[in-house]
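J.: Take a look at upload06.csv, CSV, C-alpha atoms:
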```csv
chain,number,residue,atom,x,y,z
C,68,MET,CA,201.1,159.1,-146.5
C,69,SER,CA,198.3,161.5,-145.8
C,70,THR,CA,196.1,162.6,-148.7
C,71,ASP,CA,196.2,166.3,-147.6
C,72,VAL,CA,199.8,166.7,-148.5
C,73,THR,CA,200.6,169.9,-150.4
C,74,TYR,CA,203.6,170.2,-152.8
C,75,GLN,CA,205.9,173.0,-153.8
C,76,LYS,CA,208.2,173.1,-156.7
C,77,ALA,CA,211.9,173.5,-156.0
C,78,SER,CA,215.0,174.0,-158.1
C,79,TRP,CA,218.3,172.6,-156.8
C,80,THR,CA,221.8,172.5,-158.2
C,81,ILE,CA,223.6,169.2,-157.6
C,82,PRO,CA,226.8,167.7,-159.0
C,83,SER,CA,226.4,166.3,-162.5
C,84,ASP,CA,227.7,162.9,-161.5
C,85,VAL,CA,225.1,162.6,-158.8
C,86,LEU,CA,222.3,163.5,-161.2
C,87,LYS,CA,223.6,161.1,-163.7
C,88,SER,CA,223.6,158.3,-161.2
C,89,VAL,CA,220.0,159.1,-160.1
C,90,ARG,CA,218.8,159.2,-163.7
C,91,GLU,CA,220.4,155.8,-164.3
C,92,ARG,CA,218.7,154.2,-161.3
C,93,VAL,CA,215.3,155.9,-161.1
C,94,PRO,CA,212.6,155.6,-163.7
C,95,ARG,CA,211.5,158.7,-165.5
C,96,GLY,CA,208.7,160.5,-163.6
C,97,GLN,CA,209.8,159.1,-160.2
C,98,VAL,CA,212.8,161.3,-159.5
C,99,SER,CA,210.8,163.7,-157.2
C,100,ALA,CA,209.6,160.8,-155.1
C,101,TYR,CA,213.1,159.4,-154.9
C,102,VAL,CA,214.6,162.7,-153.8
C,103,THR,CA,211.8,163.2,-151.3
C,104,GLU,CA,212.5,159.9,-149.6
C,105,ALA,CA,216.3,160.6,-149.6
C,106,LEU,CA,215.5,164.0,-147.9
C,107,ARG,CA,213.2,162.3,-145.4
C,108,ARG,CA,215.9,159.8,-144.5
C,109,GLN,CA,218.5,162.6,-144.0
C,110,LEU,CA,216.1,164.5,-141.8
C,111,GLU,CA,215.6,161.4,-139.7
C,112,LEU,CA,219.4,161.0,-139.3
C,113,ASP,CA,219.7,164.7,-138.4
C,114,ASP,CA,217.0,164.2,-135.7
C,115,LEU,CA,218.8,161.2,-134.3
C,116,ALA,CA,222.1,163.0,-134.2
C,117,SER,CA,220.5,165.8,-132.3
C,118,LEU,CA,219.0,163.4,-129.9
C,119,VAL,CA,222.3,161.7,-129.3
C,120,GLU,CA,223.9,165.1,-128.8
C,121,GLU,CA,221.3,166.0,-126.1
C,122,LEU,CA,221.7,162.7,-124.4
C,123,GLU,CA,225.5,163.1,-124.3
C,124,ILE,CA,225.2,166.6,-122.8
C,125,GLU,CA,222.8,165.3,-120.1
C,126,GLY,CA,224.5,162.0,-119.3
C,127,GLY,CA,227.9,161.6,-121.0
C,128,PRO,CA,228.8,159.4,-124.0
C,129,VAL,CA,226.2,157.0,-125.3
C,130,ASP,CA,227.3,153.4,-125.8
```
Let me see the structure of the file written as structure tokens.
T.:
Amino acid sequence: MSTDVTYQKASWTIPSDVLKSVRERVPRGQVSAYVTEALRRQLELDDLASLVEELEIEGGPVD
């Protein structure tokens, strides 16, 4: 990662069972990094879904 990254604080409401599972798996002090990586993965999946949608519009279903 680049060293010129800036950070912003965010507050999110999530289901208690999800938070409990994260706290059981992730060491204290590393939850923000864990959530950041999960969000990055979701953004990548969203980008891929958009690409597939564009390809299907242009050329039909993708195998």
J.: At what distance in Å, to one decimal, does CA of Glu111 (chain C) lie from CA of Val93 (chain C)?
T.: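 Distance between the two atoms: 22.1 Å.
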J.: How many Å separate CA of Thr80 (chain C) from CA of Leu112 (chain C)?
T.: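 Between CA of Thr80 (chain C) and CA of Leu112 (chain C) the gap works out to 22.3 Å.
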J.: Given the choices C:Val89, C:Gln97, C:Glu125, C:Val102, which gets closest to Ala77 (chain C) if the distance is worked out from all atoms listed in the file?
T.: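 Of C:Val89, C:Gln97, C:Glu125, C:Val102, the one nearest Ala77 (chain C), counting all atoms listed in the file, is C:Val102.
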J.: How big is the axis-aligned box around all listed atoms of region 73-81 of chain C once 8 Å goes on each side, and where's its centre, in Å to one decimal, as lines of an AutoDock Vina configuration file?
T.:
```
center_x = 212.1
center_y = 171.6
center_z = -154.3
size_x = 39.0
size_y = 20.8
size_z = 23.8
```
J.: Please compute the CA of Ser78 (chain C)-CA of Tyr101 (chain C) distance, one decimal, in Å.
T.: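 CA of Tyr101 (chain C) lies 15.1 Å from CA of Ser78 (chain C).
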J.: Between C:Glu104, C:Val72, C:Val129, C:Val98, which one has atoms that come closest to Ala116 (chain C), using all atoms listed in the file?
T.: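 So, comparing all the options, the nearest one is C:Val129.
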J.: For Tyr74 (chain C), list every protein, DNA or RNA residue within 12 Å, evaluated using all atoms listed in the file, and leave out those in the same chain fewer than 2 positions away; present the list as number ranges by chain.
T.: C: 70-72, 76-77, 99-100, 103
J.: Keeping only C-alpha atoms, write those residues as a compact mmCIF listing (two decimals), keeping the file's coordinate frame.
T.:
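selection09.txt, freshly written:
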```txt
# COMPACT_ATOMS: atom_id res chain seq x y z
CA THR C 70 196.10 162.60 -148.70
CA ASP C 71 196.20 166.30 -147.60
CA VAL C 72 199.80 166.70 -148.50
CA LYS C 76 208.20 173.10 -156.70
CA ALA C 77 211.90 173.50 -156.00
CA SER C 99 210.80 163.70 -157.20
CA ALA C 100 209.60 160.80 -155.10
CA THR C 103 211.80 163.20 -151.30
```
